[in-house]
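Shown below: structure.tsv, with TSV, C-alpha atoms.
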```
chain	number	residue	atom	x	y	z
A	25	MET	CA	83.50	175.44	64.22
A	26	ALA	CA	82.11	172.56	66.20
A	27	GLN	CA	82.76	169.04	64.88
A	28	PRO	CA	79.65	167.04	64.14
A	29	PRO	CA	79.20	164.11	66.47
A	30	SER	CA	80.72	160.91	65.17
A	31	THR	CA	78.17	158.34	64.08
A	32	THR	CA	80.52	155.54	65.06
A	33	LYS	CA	80.96	156.93	68.60
A	34	SER	CA	77.22	157.36	69.03
A	35	LEU	CA	76.64	153.76	68.01
A	36	LEU	CA	79.32	152.55	70.39
A	37	ALA	CA	77.85	154.65	73.21
A	38	ARG	CA	74.58	152.79	72.88
A	39	ALA	CA	76.26	149.45	73.57
A	40	HIS	CA	79.08	150.40	75.90
A	41	SER	CA	79.89	152.80	78.65
A	42	PRO	CA	81.41	156.18	77.66
A	43	ASP	CA	84.90	155.11	78.72
A	44	SER	CA	84.69	151.76	76.95
A	45	ALA	CA	83.25	153.32	73.81
A	46	SER	CA	86.09	155.88	73.67
A	47	ARG	CA	88.74	153.18	74.23
A	48	ILE	CA	87.30	150.89	71.54
A	49	PHE	CA	87.10	153.77	69.06
A	50	ASP	CA	90.73	154.84	69.69
A	51	ASP	CA	92.22	151.31	69.63
A	52	LYS	CA	90.28	149.54	66.88
A	53	ILE	CA	88.54	152.06	64.65
A	54	GLN	CA	90.26	155.45	64.54
A	55	TYR	CA	93.59	154.30	62.97
A	56	ARG	CA	92.25	151.44	60.91
A	57	SER	CA	93.02	151.56	57.18
A	58	PHE	CA	90.12	152.28	54.89
A	59	TYR	CA	90.47	150.95	51.34
A	60	LEU	CA	88.49	152.65	48.64
A	61	ARG	CA	89.42	149.91	46.12
A	62	PRO	CA	90.21	146.22	46.54
A	63	SER	CA	93.87	145.40	47.07
A	64	SER	CA	93.97	143.13	43.96
A	65	PRO	CA	92.14	143.34	40.63
A	66	PRO	CA	89.15	141.07	40.16
A	67	PRO	CA	89.88	137.70	38.57
A	68	PRO	CA	89.50	137.71	34.76
A	69	ASP	CA	86.66	135.88	33.13
A	70	ALA	CA	87.08	132.71	31.08
A	71	ARG	CA	87.25	134.56	27.77
A	72	GLU	CA	90.07	136.79	28.95
A	73	ALA	CA	91.93	133.76	30.31
A	74	ARG	CA	91.73	132.03	26.91
A	75	ARG	CA	92.96	135.16	25.16
A	76	LYS	CA	95.92	135.40	27.50
A	77	ALA	CA	96.76	131.73	26.98
A	78	ARG	CA	96.69	132.19	23.19
A	79	ARG	CA	98.97	135.23	23.45
A	80	ASP	CA	101.40	133.32	25.65
A	81	ARG	CA	101.51	130.37	23.24
A	82	ALA	CA	102.05	132.66	20.26
A	83	LEU	CA	104.85	134.45	22.09
A	84	THR	CA	106.53	131.19	23.04
A	85	ARG	CA	106.23	129.86	19.49
A	86	SER	CA	107.67	133.04	18.02
A	87	LYS	CA	110.77	132.75	20.24
A	88	GLN	CA	111.58	129.27	18.92
A	89	LYS	CA	113.75	129.24	15.80
A	90	PRO	CA	112.62	127.63	13.64
A	91	ALA	CA	109.05	127.56	14.83
A	92	PRO	CA	107.71	123.98	15.30
A	93	LEU	CA	105.18	122.65	12.84
A	94	SER	CA	101.65	122.07	13.98
A	95	ALA	CA	100.00	118.65	13.67
A	96	ARG	CA	97.90	119.89	10.75
A	97	ALA	CA	101.01	121.16	8.93
A	98	ARG	CA	102.81	117.84	9.47
A	99	ARG	CA	99.86	115.93	8.02
A	100	ARG	CA	99.62	118.32	5.09
A	101	LEU	CA	103.30	117.85	4.29
A	102	GLY	CA	102.92	114.06	4.52
A	103	LEU	CA	105.60	113.57	7.14
A	104	TYR	CA	103.72	110.58	8.55
A	105	ASP	CA	103.18	108.91	5.17
A	106	LEU	CA	105.40	106.07	3.98
A	107	PRO	CA	106.64	106.69	0.39
A	108	ARG	CA	105.67	104.17	-2.22
A	109	ASP	CA	109.27	103.24	-3.00
A	110	ARG	CA	109.80	102.44	0.71
A	111	GLN	CA	106.92	100.00	0.96
A	112	ARG	CA	109.08	96.90	0.50
A	113	TYR	CA	109.25	94.00	2.91
A	114	ALA	CA	112.89	93.20	2.10
A	115	LEU	CA	113.87	96.74	3.07
A	116	TYR	CA	112.77	96.15	6.68
A	117	GLU	CA	114.11	92.63	7.19
A	118	PRO	CA	117.36	93.98	8.77
A	119	LEU	CA	115.15	95.94	11.19
A	120	LEU	CA	113.42	92.67	12.09
A	121	GLY	CA	116.79	91.11	12.91
A	122	LEU	CA	117.66	94.06	15.17
A	123	TRP	CA	114.31	93.76	16.92
A	124	GLN	CA	114.86	90.04	17.54
A	125	GLY	CA	118.15	90.80	19.27
A	126	TYR	CA	116.52	93.65	21.23
A	127	VAL	CA	113.76	91.40	22.58
A	128	ARG	CA	116.20	88.64	23.54
A	129	GLU	CA	118.28	91.17	25.45
A	130	LEU	CA	115.17	92.73	27.02
A	131	LEU	CA	113.77	89.46	28.37
A	132	GLY	CA	117.03	87.71	29.23
A	133	ASN	CA	116.47	84.40	31.03
A	134	GLU	CA	112.73	85.09	31.24
A	135	LEU	CA	112.63	84.35	27.53
A	136	TYR	CA	112.80	80.64	28.45
A	137	THR	CA	110.54	80.75	31.51
A	138	GLY	CA	107.82	83.27	30.59
A	139	GLY	CA	105.45	84.41	33.32
A	140	GLN	CA	104.08	87.76	34.41
A	141	ALA	CA	107.53	89.40	34.52
A	142	ALA	CA	108.09	88.60	30.85
A	143	ALA	CA	104.61	89.86	29.99
A	144	ALA	CA	105.26	93.16	31.78
A	145	LYS	CA	108.52	93.70	29.90
A	146	LEU	CA	106.90	92.88	26.57
A	147	SER	CA	104.04	95.27	27.26
A	148	ALA	CA	106.49	98.13	27.80
A	149	GLY	CA	108.80	97.12	24.95
A	150	GLU	CA	109.30	98.72	21.56
A	151	MET	CA	107.29	97.20	18.69
A	152	HIS	CA	108.86	98.96	15.71
A	153	GLY	CA	110.48	96.21	13.65
A	154	ALA	CA	108.46	93.33	15.12
A	155	GLU	CA	106.84	90.83	12.79
A	156	VAL	CA	103.24	90.41	13.88
A	157	GLU	CA	100.34	88.33	12.63
A	158	VAL	CA	96.66	88.93	13.26
A	159	VAL	CA	95.20	85.75	14.76
A	160	ARG	CA	91.91	87.08	16.14
A	161	SER	CA	89.95	90.19	15.29
A	162	SER	CA	86.49	91.64	15.51
A	163	CYS	CA	86.76	92.06	11.72
A	164	PRO	CA	87.30	88.59	10.17
A	165	SER	CA	88.90	90.04	7.03
A	166	ARG	CA	91.94	91.16	9.06
A	167	VAL	CA	92.76	87.66	10.31
A	168	GLY	CA	95.93	86.38	8.65
A	169	ILE	CA	97.56	89.75	7.99
A	170	ARG	CA	101.28	89.36	8.67
A	171	GLY	CA	104.17	91.75	8.29
A	172	ILE	CA	106.73	93.99	9.94
A	173	VAL	CA	105.56	96.91	12.08
A	174	VAL	CA	106.89	100.16	10.60
A	175	LYS	CA	104.77	102.50	12.71
A	176	ASP	CA	103.44	101.94	16.21
A	177	ALA	CA	100.82	104.65	16.58
A	178	ARG	CA	98.46	105.07	19.48
A	179	PHE	CA	95.50	103.27	17.96
A	180	VAL	CA	96.91	101.37	14.94
A	181	PHE	CA	99.83	99.30	13.71
A	182	GLU	CA	101.13	100.09	10.21
A	183	ILE	CA	102.44	96.83	8.78
A	184	VAL	CA	104.45	96.09	5.62
A	185	THR	CA	103.42	92.67	4.32
A	186	PRO	CA	105.62	90.23	2.33
A	187	ARG	CA	103.67	91.32	-0.77
A	188	ASP	CA	105.06	94.85	-0.34
A	189	ARG	CA	101.79	96.38	0.81
A	190	VAL	CA	101.09	98.61	3.77
A	191	LYS	CA	98.21	97.54	6.01
A	192	VAL	CA	96.80	99.76	8.74
A	193	VAL	CA	95.44	97.43	11.44
A	194	PRO	CA	93.53	98.91	14.41
A	195	LYS	CA	94.69	97.68	17.80
A	196	GLU	CA	91.25	97.67	19.37
A	197	GLY	CA	89.56	94.29	19.15
A	198	THR	CA	92.60	92.58	17.60
A	199	MET	CA	94.93	89.84	18.87
A	200	PHE	CA	98.48	89.81	17.47
A	201	ARG	CA	100.94	86.92	17.49
A	202	VAL	CA	104.68	87.56	17.66
A	203	GLU	CA	107.49	84.98	17.39
A	204	VAL	CA	110.98	85.40	18.83
A	205	LEU	CA	113.75	83.09	17.66
A	206	LEU	CA	115.52	81.51	20.63
A	207	GLU	CA	119.20	80.91	21.11
A	208	ASP	CA	120.68	78.08	23.15
A	209	PRO	CA	120.17	78.59	26.90
A	210	PRO	CA	123.21	79.87	28.83
A	211	GLU	CA	123.70	76.56	30.60
A	212	LEU	CA	123.85	74.66	27.31
A	213	ARG	CA	126.26	77.17	25.84
A	214	GLY	CA	128.46	76.87	28.94
A	215	GLU	CA	128.54	73.09	28.74
A	216	GLY	CA	129.56	73.25	25.12
A	217	GLN	CA	132.41	75.64	25.89
A	218	ASN	CA	133.73	73.52	28.77
A	219	GLN	CA	133.77	70.32	26.76
A	220	GLY	CA	136.00	71.86	24.09
A	221	GLN	CA	136.53	70.91	20.53
A	222	GLN	CA	137.38	67.28	21.30
A	223	GLY	CA	134.14	66.78	23.15
A	224	ARG	CA	132.14	68.08	20.21
A	225	GLU	CA	134.02	65.77	17.83
A	226	GLY	CA	133.30	62.83	20.13
A	227	GLN	CA	129.59	63.64	20.13
A	228	GLU	CA	129.60	63.75	16.34
A	229	GLN	CA	131.22	60.33	16.20
A	230	LYS	CA	128.66	58.88	18.62
A	231	MET	CA	125.77	59.99	16.40
A	232	PRO	CA	124.36	56.91	14.60
A	233	GLU	CA	125.05	56.74	10.90
A	234	SER	CA	121.44	55.88	10.17
A	235	ALA	CA	120.25	59.29	11.37
A	236	VAL	CA	118.88	61.36	8.53
A	237	PRO	CA	117.66	64.98	8.48
A	238	GLY	CA	114.10	63.71	8.67
A	239	ASP	CA	114.57	62.09	12.08
A	240	ASP	CA	113.09	63.84	15.10
A	241	ALA	CA	116.39	64.04	17.00
A	242	THR	CA	118.35	65.78	14.27
A	243	THR	CA	115.47	67.89	13.04
A	244	THR	CA	114.75	69.33	16.48
A	245	ARG	CA	118.37	70.33	17.07
A	246	THR	CA	119.43	71.50	13.62
A	247	SER	CA	116.67	72.34	11.16
A	248	ARG	CA	113.87	73.47	13.48
A	249	PRO	CA	114.62	76.82	15.14
A	250	ARG	CA	113.16	77.14	18.59
A	251	LYS	CA	110.70	79.99	19.01
A	252	PHE	CA	109.13	81.88	21.85
A	253	VAL	CA	105.57	82.65	20.71
A	254	PHE	CA	103.44	85.17	22.54
A	255	GLU	CA	100.16	86.90	21.78
A	256	ILE	CA	99.35	90.50	22.63
A	257	LEU	CA	95.91	91.99	23.03
A	258	GLY	CA	95.67	95.21	21.08
A	259	ASP	CA	93.27	96.77	23.59
A	260	GLN	CA	96.13	96.82	26.13
A	261	PHE	CA	98.42	98.57	23.60
A	262	LEU	CA	96.31	101.68	23.00
A	263	HIS	CA	99.27	103.89	23.87
A	264	ARG	CA	102.23	105.31	22.03
A	265	GLY	CA	105.54	103.54	22.46
A	266	ALA	CA	107.04	106.34	24.53
A	267	ASP	CA	104.02	106.44	26.86
A	268	ARG	CA	103.86	102.66	27.12
A	269	ALA	CA	107.47	102.44	28.33
A	270	ASN	CA	106.59	104.38	31.51
A	271	LYS	CA	103.19	102.79	32.12
A	272	LYS	CA	102.59	100.06	34.67
A	273	PHE	CA	100.25	97.38	33.36
A	274	LYS	CA	97.99	95.36	35.62
A	275	THR	CA	96.70	91.86	35.11
A	276	HIS	CA	93.17	91.85	33.65
A	277	PHE	CA	90.82	89.22	32.41
A	278	LEU	CA	90.92	89.23	28.62
A	279	LYS	CA	87.64	89.90	26.94
A	280	ASN	CA	86.55	88.01	23.85
A	281	VAL	CA	87.53	89.58	20.55
```

Is it possible to give me this structure as structure tokens?
Amino acid sequence: MAQPPSTTKSLLARAHSPDSASRIFDDKIQYRSFYLRPSSPPPPDAREARRKARRDRALTRSKQKPAPLSARARRRLGLYDLPRDRQRYALYEPLLGLWQGYVRELLGNELYTGGQAAAAKLSAGEMHGAEVEVVRSSCPSRVGIRGIVVKDARFVFEIVTPRDRVKVVPKEGTMFRVEVLLEDPPELRGEGQNQGQQGREGQEQKMPESAVPGDDATTTRTSRPRKFVFEILGDQFLHRGADRANKKFKTHFLKNV
């Protein structure tokens, strides 16, 4: 039975010579693979992708023992709420002392010099336990609120006031003031150690007898603790503490609040 003429060869014969058409057919067309279906399945649509993502999340959650609580479940259980019997200022005063030592260690010598390096360290520092005071705010009723930070959330500070009340102060549009008690500079502490006990006794003897606690000289050295006071703009603190520690802050012009 005679083979029907190939359509491909007849088309090639119209454009090429018989020898060239036969060579092109044998080299490039005759043994070429012919796929009836695509080599890969078509990409899924958006709905199928969302379904697959939900199945994967459910499978991952089921493998964890115990399964983690969702944000809604944590709020329903009140895990973020501060109990009423824990809303006492005196209960967090030891935490304030720990925070003071933490900040002094964080800043080091820059605690006495200040500058942009100190500001960068303070911006990335931990604020739980700090005693803050609202000095400027877009809401005048918040000015004067003072207390210890018990929760540094992304958008708010939760503060326990000396009257044993919890105040939720938004960071946006608010300026906070923080005071850090200073110790004697290292050079002064070194001089005191080198002089010894006799040197200190000699200084006490040289102090005039007429000096009273009300005098400026004695009050500045003994009764008045030196403080490093800085103010933070809440708009630059709209991050969680863990995220703020790894964030690099840039110098910006402060807007009016």

Report task. Tell me which of A:Glu207, A:Glu150, A:Asp69, A:Asp43 sits closest to Asp176 in chain A, counting all atoms listed in the file. Result ->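 Between A:Glu207, A:Glu150, A:Asp69, A:Asp43, the residue approaching Asp176 in chain A most closely is A:Glu150.
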
Requested in this report: Find the spatial neighbours of range 107-119 of chain A, counting all atoms listed in the file, within a cut-off of 12 Å - ignore same-chain residues fewer than 3 positions away - and output them as a ChimeraX atom specification.
Outcome: /A:102-104,122-126,151-155,170-175,182-191

For the residues in the current selection, export C-alpha atoms as an mmCIF file, keeping the file's coordinate frame.
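Generated output (out_3.cif):
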```cif
data_model
loop_
_atom_site.group_PDB
_atom_site.id
_atom_site.type_symbol
_atom_site.label_atom_id
_atom_site.label_comp_id
_atom_site.auth_asym_id
_atom_site.auth_seq_id
_atom_site.Cartn_x
_atom_site.Cartn_y
_atom_site.Cartn_z
ATOM 1 C CA GLY A 102 102.920 114.060 4.520
ATOM 2 C CA LEU A 103 105.600 113.570 7.140
ATOM 3 C CA TYR A 104 103.720 110.580 8.550
ATOM 4 C CA LEU A 122 117.660 94.060 15.170
ATOM 5 C CA TRP A 123 114.310 93.760 16.920
ATOM 6 C CA GLN A 124 114.860 90.040 17.540
ATOM 7 C CA GLY A 125 118.150 90.800 19.270
ATOM 8 C CA TYR A 126 116.520 93.650 21.230
ATOM 9 C CA MET A 151 107.290 97.200 18.690
ATOM 10 C CA HIS A 152 108.860 98.960 15.710
ATOM 11 C CA GLY A 153 110.480 96.210 13.650
ATOM 12 C CA ALA A 154 108.460 93.330 15.120
ATOM 13 C CA GLU A 155 106.840 90.830 12.790
ATOM 14 C CA ARG A 170 101.280 89.360 8.670
ATOM 15 C CA GLY A 171 104.170 91.750 8.290
ATOM 16 C CA ILE A 172 106.730 93.990 9.940
ATOM 17 C CA VAL A 173 105.560 96.910 12.080
ATOM 18 C CA VAL A 174 106.890 100.160 10.600
ATOM 19 C CA LYS A 175 104.770 102.500 12.710
ATOM 20 C CA GLU A 182 101.130 100.090 10.210
ATOM 21 C CA ILE A 183 102.440 96.830 8.780
ATOM 22 C CA VAL A 184 104.450 96.090 5.620
ATOM 23 C CA THR A 185 103.420 92.670 4.320
ATOM 24 C CA PRO A 186 105.620 90.230 2.330
ATOM 25 C CA ARG A 187 103.670 91.320 -0.770
ATOM 26 C CA ASP A 188 105.060 94.850 -0.340
ATOM 27 C CA ARG A 189 101.790 96.380 0.810
ATOM 28 C CA VAL A 190 101.090 98.610 3.770
ATOM 29 C CA LYS A 191 98.210 97.540 6.010
#
```

Report task. Calculate how many Å separate CA of Ala77 in chain A from CA of Ala97 in chain A, rounding to one decimal. Result ->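 Between CA of Ala77 in chain A and CA of Ala97 in chain A the gap is 21.3 Å.
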
Requested in this report: Please indicate the distance in Å from CA of Arg166 in chain A to CA of Val193 in chain A, rounded to one decimal place.
Outcome: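 According to the coordinates, CA of Arg166 in chain A and CA of Val193 in chain A are separated by 7.6 Å.
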
Query raised in the report: Between A:Leu36, A:Ala70, A:Val159, A:Val204, which has the minimum distance to Lys52 in chain A (counting all atoms listed in the file)?
Result: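 Of the candidates, the smallest distance to Lys52 in chain A is held by A:Leu36.
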
Query raised in the report: What is the CA of Gly168 in chain A to CA of Arg264 in chain A distance in Å?
Result: 24.0 Å

Requested in this report: Pick out the closest residue to Ser147 in chain A from this set: A:Ala45, A:Leu130, A:Tyr55, A:Lys251. Count only C-alpha atoms.
Outcome: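 For Ser147 in chain A, the nearest of the given residues is A:Leu130.
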
Query raised in the report: Using all atoms listed in the file, which of A:Arg79, A:Phe179, A:Arg47, A:Ser165 sits nearest His263 in chain A?
Result: A:Phe179

Query raised in the report: If we count all atoms listed in the file, what is near Cys163 in chain A at a cut-off of 12 Å, once residues fewer than 5 positions away on the same chain are taken out, given as a list in words?
Result: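 Using all atoms listed in the file, the neighbours found are Val158, Gly168, Ile169, Val193, Pro194, Lys195, Glu196, Gly197, Thr198, Met199 and Val281 of chain A.
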
Query raised in the report: Residues at most 7 Å from Glu203 in chain A, counting all atoms listed in the file, excluding those fewer than 5 positions away in the same chain, as a list in words?
Result: Lys251, Phe252, Val253 and Phe254 of chain A

Query raised in the report: Near Lys145 in chain A, counting only C-alpha atoms, which residues have an atom at most 8 Å away, once you skip same-chain residues fewer than 4 positions from it, shown as a PyMOL selection string?
Result: chain A and resi 130-131+141+149

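Within a radius of 8 Å around (114.5, 85.0, 24.9), the polymer residues are A:Val127, A:Arg128, A:Glu129, A:Leu131, A:Gly132, A:Asn133, A:Glu134, A:Leu135, A:Tyr136, A:Val204, A:Leu205, A:Leu206, A:Glu207, A:Phe252, counting all atoms listed in the file.
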
Output as a tab-separated table (two decimals), keeping the file's coordinate frame: range 140-164 of chain A, completed with N, CA, C and O atoms.
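Contents of the output file result10.tsv:
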```tsv
chain	number	residue	atom	x	y	z
A	140	GLN	N	104.57	86.38	34.37
A	140	GLN	CA	104.08	87.76	34.41
A	140	GLN	C	105.20	88.77	34.22
A	140	GLN	O	104.99	89.84	33.66
A	141	ALA	N	106.41	88.46	34.69
A	141	ALA	CA	107.53	89.40	34.52
A	141	ALA	C	107.86	89.58	33.05
A	141	ALA	O	108.10	90.70	32.58
A	142	ALA	N	107.84	88.49	32.29
A	142	ALA	CA	108.09	88.60	30.85
A	142	ALA	C	106.97	89.37	30.16
A	142	ALA	O	107.23	90.17	29.26
A	143	ALA	N	105.74	89.14	30.60
A	143	ALA	CA	104.61	89.86	29.99
A	143	ALA	C	104.70	91.36	30.26
A	143	ALA	O	104.40	92.18	29.38
A	144	ALA	N	105.13	91.73	31.47
A	144	ALA	CA	105.26	93.16	31.78
A	144	ALA	C	106.33	93.82	30.94
A	144	ALA	O	106.16	94.95	30.46
A	145	LYS	N	107.45	93.13	30.73
A	145	LYS	CA	108.52	93.70	29.90
A	145	LYS	C	108.09	93.81	28.44
A	145	LYS	O	108.41	94.79	27.77
A	146	LEU	N	107.37	92.82	27.96
A	146	LEU	CA	106.90	92.88	26.57
A	146	LEU	C	105.89	93.99	26.38
A	146	LEU	O	105.85	94.64	25.33
A	147	SER	N	105.05	94.22	27.38
A	147	SER	CA	104.04	95.27	27.26
A	147	SER	C	104.68	96.65	27.17
A	147	SER	O	104.15	97.54	26.50
A	148	ALA	N	105.81	96.83	27.84
A	148	ALA	CA	106.49	98.13	27.80
A	148	ALA	C	107.56	98.21	26.74
A	148	ALA	O	108.23	99.23	26.62
A	149	GLY	N	107.74	97.15	25.94
A	149	GLY	CA	108.80	97.12	24.95
A	149	GLY	C	108.45	97.87	23.68
A	149	GLY	O	107.31	98.28	23.45
A	150	GLU	N	109.45	98.03	22.84
A	150	GLU	CA	109.30	98.72	21.56
A	150	GLU	C	108.83	97.71	20.51
A	150	GLU	O	109.35	96.60	20.43
A	151	MET	N	107.86	98.10	19.70
A	151	MET	CA	107.29	97.20	18.69
A	151	MET	C	107.69	97.56	17.28
A	151	MET	O	107.34	96.84	16.34
A	152	HIS	N	108.40	98.64	17.06
A	152	HIS	CA	108.86	98.96	15.71
A	152	HIS	C	109.88	97.91	15.26
A	152	HIS	O	110.89	97.69	15.93
A	153	GLY	N	109.61	97.26	14.15
A	153	GLY	CA	110.48	96.21	13.65
A	153	GLY	C	110.00	94.81	13.97
A	153	GLY	O	110.58	93.84	13.46
A	154	ALA	N	108.97	94.65	14.78
A	154	ALA	CA	108.46	93.33	15.12
A	154	ALA	C	107.62	92.79	13.97
A	154	ALA	O	106.92	93.54	13.28
A	155	GLU	N	107.69	91.48	13.78
A	155	GLU	CA	106.84	90.83	12.79
A	155	GLU	C	105.62	90.26	13.51
A	155	GLU	O	105.75	89.36	14.34
A	156	VAL	N	104.47	90.79	13.20
A	156	VAL	CA	103.24	90.41	13.88
A	156	VAL	C	102.29	89.77	12.88
A	156	VAL	O	102.38	89.99	11.68
A	157	GLU	N	101.38	88.99	13.43
A	157	GLU	CA	100.34	88.33	12.63
A	157	GLU	C	99.02	88.44	13.38
A	157	GLU	O	98.96	88.19	14.58
A	158	VAL	N	97.99	88.80	12.67
A	158	VAL	CA	96.66	88.93	13.26
A	158	VAL	C	96.05	87.54	13.35
A	158	VAL	O	95.84	86.88	12.33
A	159	VAL	N	95.78	87.09	14.56
A	159	VAL	CA	95.20	85.75	14.76
A	159	VAL	C	93.73	85.83	15.14
A	159	VAL	O	92.99	84.89	14.88
A	160	ARG	N	93.31	86.90	15.78
A	160	ARG	CA	91.91	87.08	16.14
A	160	ARG	C	91.57	88.55	15.97
A	160	ARG	O	92.39	89.42	16.27
A	161	SER	N	90.36	88.80	15.50
A	161	SER	CA	89.95	90.19	15.29
A	161	SER	C	88.43	90.25	15.24
A	161	SER	O	87.76	89.29	14.85
A	162	SER	N	87.93	91.41	15.62
A	162	SER	CA	86.49	91.64	15.51
A	162	SER	C	86.07	91.76	14.06
A	162	SER	O	84.89	91.62	13.74
A	163	CYS	N	87.02	92.03	13.17
A	163	CYS	CA	86.76	92.06	11.72
A	163	CYS	C	87.43	90.84	11.10
A	163	CYS	O	88.67	90.77	11.03
A	164	PRO	N	86.68	89.84	10.66
A	164	PRO	CA	87.30	88.59	10.17
A	164	PRO	C	88.23	88.81	8.99
A	164	PRO	O	89.15	88.00	8.77
```
